[in-house]
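Structure first, then comments.
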Amino acid sequence: MALTITGIILLLLSLYGFFFNYKFLYNITIFFIPFSATAIFNIGSGDNGSAVTPFMVLGGVWLFSNLSRNKNIFNIKIDKYLFYSLTSLLLFILIAFISLLMPAIINGSEKGNITGELNSTGLISFSIRNITQFVYLFFGFLMAVAICFHNRDLQNYKHTIRVYCYSIIFVVLWGYLELFCFYKNIPYPSSIFNNSISKSAGGFQGILDSEDGIKRISSVAVEPSILVQSIEILLPFLLFGIIEKKYIFSKYFDIIFTINLYFFIFRTTSSVGIVCLILISILVLLLFLRKLSFRALVKSLTILAFIIPISLIFIYFEFPQIVESTLFNKTESYSALERSGAIIEAWGTFLRHPILGAGWGSVTSYDLFIKILSNLGIIGFLSLVIFLYLVLKNQIKTQDAIYKSSKYRYSIIVSFIVLIFSNTISGFSFVFGFFWLATGLMLVYSFHSIDKV
């Protein structure tokens, strides 16, 4: 186990926050959520190497700080609607824990696609991978619950969004530095925030599959598709803030930053990111149009009828290689074959073990629902669907006047829906902090509701 220089600095900062400044500890925990390519510790080497990220370490210190500061934390009263949501999520975690019996029962008697690589199968048996994958899941659950409790207050919620916005500002600037270093042939300082030895964390070296060799952007994330997910959960908060004139910073800064995020996400060359960017735009637009009067609706649609085609034409002719490689030629790539092959093999695993799957962490599938079915079976799949239904229902039917009138309700609904959609087509991102941040905020559907009997 090797402690990185960045890790030393963050550990010292976390200790300072733990002993002297709880708010600072929370701030750095939220700020470093997107830094999935950054290692506090590196464990192992080569293809078996892995990293302990800032989300795990800072989040762990923050959780422990909550336990030490709040002596009555287990006596908190919650209303029945939040209770049902938390219970359904806990049920999903418990099913994942029970499913760990399955790889021990199978014990090498059959094969499955464990790594997710093309035409690569291995014997399914209980291993350290099953344990670490469950630890990621359980830790994320704890973080989501803690984030929910912390952000039941309107001021805390506002503060969380602002801190995360600061983080994304830095992430974007670091991504532009990555591009600058590449095209100016300057050594990129990967040892600072891209120091994870995990084989999945080399996204900062990625080049788009095209004749021009366009540089992809990963910034502080393991790869572009993970980078854009961490950014896109913030985008609806900016968009609805601009629409409702409830800005995170200021009118002009929010507008300029939002436009920049659109360009940045497109420039990452992530197919998932571009598709989800379109989906966010459509959902926000629909929610915006439904509030307009008939005259304002006609005016808005007329303007959009001119703006949208012109924007699409400009993008295509200005960046033809990116458009063709990320959207039109993606199905012909090796990664597409690898992903589809893993999903097909995972489906076969589910058919052999339909009730409880092959056990959490046993096989890989680059989607959300087939991954759940193959690893947790129908039982795990239903528990997840119930959770998704309950949190969405709570958001739609909330009766809290303050929360209902805020920009946060529609923002988190769009963020969470798009996040689940991106997970459906690109893989379950439960190992990354942004998934649990969005989940924790999605659990909040009224301010101070946690204190009600």
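For the structure tokens, the naming scheme is as follows: chains receive sequential letters (A, B, ...) according to their order of presentation, residues are indexed from 1 within each chain, and ligands are indexed from 1 in presentation order.
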
(message) Could you list, as a PyMOL selection string, every residue within 8 Å of range 20-25 of chain A, counting only C-alpha atoms and ignoring same-chain residues fewer than 6 positions away?
(response) chain A and resi 13-14+58+62+65

At a cut-off of 6 Å, using only C-alpha atoms, what residues contact range 170-185 of chain A? Leave out same-chain residues fewer than 3 positions from it and give the result as a PDB file with N, CA, C and O atoms, in the first residue's frame.
ATOM      1  N   SER A 167     -16.453  22.746  -7.090  1.00  0.00           N
ATOM      2  CA  SER A 167     -15.700  21.561  -7.500  1.00  0.00           C
ATOM      3  C   SER A 167     -15.724  21.395  -9.016  1.00  0.00           C
ATOM      4  O   SER A 167     -14.680  21.158  -9.638  1.00  0.00           O
ATOM      5  N   TYR A 188       1.872  16.742 -18.878  1.00  0.00           N
ATOM      6  CA  TYR A 188       0.676  16.918 -18.060  1.00  0.00           C
ATOM      7  C   TYR A 188       0.956  16.437 -16.637  1.00  0.00           C
ATOM      8  O   TYR A 188       1.475  15.330 -16.441  1.00  0.00           O
ATOM      9  N   ILE A 217     -11.095  14.319 -22.994  1.00  0.00           N
ATOM     10  CA  ILE A 217     -10.900  14.966 -21.694  1.00  0.00           C
ATOM     11  C   ILE A 217     -11.409  14.054 -20.589  1.00  0.00           C
ATOM     12  O   ILE A 217     -12.549  13.597 -20.621  1.00  0.00           O
ATOM     13  N   SER A 219      -9.997  14.926 -17.225  1.00  0.00           N
ATOM     14  CA  SER A 219      -9.747  15.798 -16.076  1.00  0.00           C
ATOM     15  C   SER A 219      -9.344  14.952 -14.870  1.00  0.00           C
ATOM     16  O   SER A 219      -8.398  14.171 -14.951  1.00  0.00           O
TER      17      SER A 219
END

(request) Do a neighbour search on Tyr262 in chain A at 9 Å with only C-alpha atoms, toss out local chain neighbours closer than 5 positions, and write the hits as a list in words. (result)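 Once the adjacent positions are removed, what remains is Leu235, Phe257, Arg267, Ile274 and Leu277 of chain A.
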
(request) Just list the residues in range 99-250 of chain A DSSP gives helix (DSSP H, G or I) on the backbone, as a PyMOL selection string. (result) chain A and resi 101-106+128-150+154-183+190-193+199-201+203-205+224-232+235-243

(request) Would you kindly return, as an NGL selection string, each protein, DNA or RNA residue with an atom no farther than 10 Å from any atom of Asn66 in chain A, considering only C-alpha atoms and excluding same-chain residues fewer than 6 positions away? (result) :A and (18 or 22 or 60 or 73 or 146 or 150)

Hey, can you spit out that residue selection with N, CA and C atoms as a PDB file, in the first residue's frame?
ATOM      1  N   PHE A  18     -11.699  17.251  11.104  1.00  0.00           N
ATOM      2  CA  PHE A  18     -12.301  16.387  12.127  1.00  0.00           C
ATOM      3  C   PHE A  18     -12.163  16.992  13.520  1.00  0.00           C
ATOM      4  N   TYR A  22     -15.699  21.201  11.485  1.00  0.00           N
ATOM      5  CA  TYR A  22     -16.609  20.221  10.883  1.00  0.00           C
ATOM      6  C   TYR A  22     -17.108  20.689   9.516  1.00  0.00           C
ATOM      7  N   GLY A  60     -15.419   8.811   4.782  1.00  0.00           N
ATOM      8  CA  GLY A  60     -15.340   7.992   5.988  1.00  0.00           C
ATOM      9  C   GLY A  60     -15.055   8.832   7.232  1.00  0.00           C
ATOM     10  N   ILE A  73     -27.844  10.339  17.337  1.00  0.00           N
ATOM     11  CA  ILE A  73     -28.072  10.174  15.912  1.00  0.00           C
ATOM     12  C   ILE A  73     -28.997   8.993  15.599  1.00  0.00           C
ATOM     13  N   ALA A 146     -26.457   9.822   5.084  1.00  0.00           N
ATOM     14  CA  ALA A 146     -25.880  10.951   5.820  1.00  0.00           C
ATOM     15  C   ALA A 146     -26.072  12.262   5.055  1.00  0.00           C
ATOM     16  N   HIS A 150     -28.155  15.512   6.375  1.00  0.00           N
ATOM     17  CA  HIS A 150     -27.475  16.806   6.478  1.00  0.00           C
ATOM     18  C   HIS A 150     -28.195  17.889   5.684  1.00  0.00           C
TER      19      HIS A 150
END

(message) I want to know what sits within 10 Å of Ile33 in chain A, based on only C-alpha atoms, with residues of the same chain fewer than 5 positions away left out; could you give that as a PyMOL selection string?
(response) chain A and resi 28+53-56+58-59+164+167-168+221+230+432-437

(request) Check the smallest atom-to-atom distance from each of A:Leu142, A:Val61, A:Leu384, A:Ile186 to Tyr16 in chain A using only C-alpha atoms, then report the winner. (result)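 Selected residue with least distance to Tyr16 in chain A: A:Val61.
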
(message) Between CA of Ile105 in chain A and CA of Ile344 in chain A, what distance in Å does the model show, to one decimal?
(response)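 Going from CA of Ile105 in chain A over to CA of Ile344 in chain A, I get 22.9 Å.
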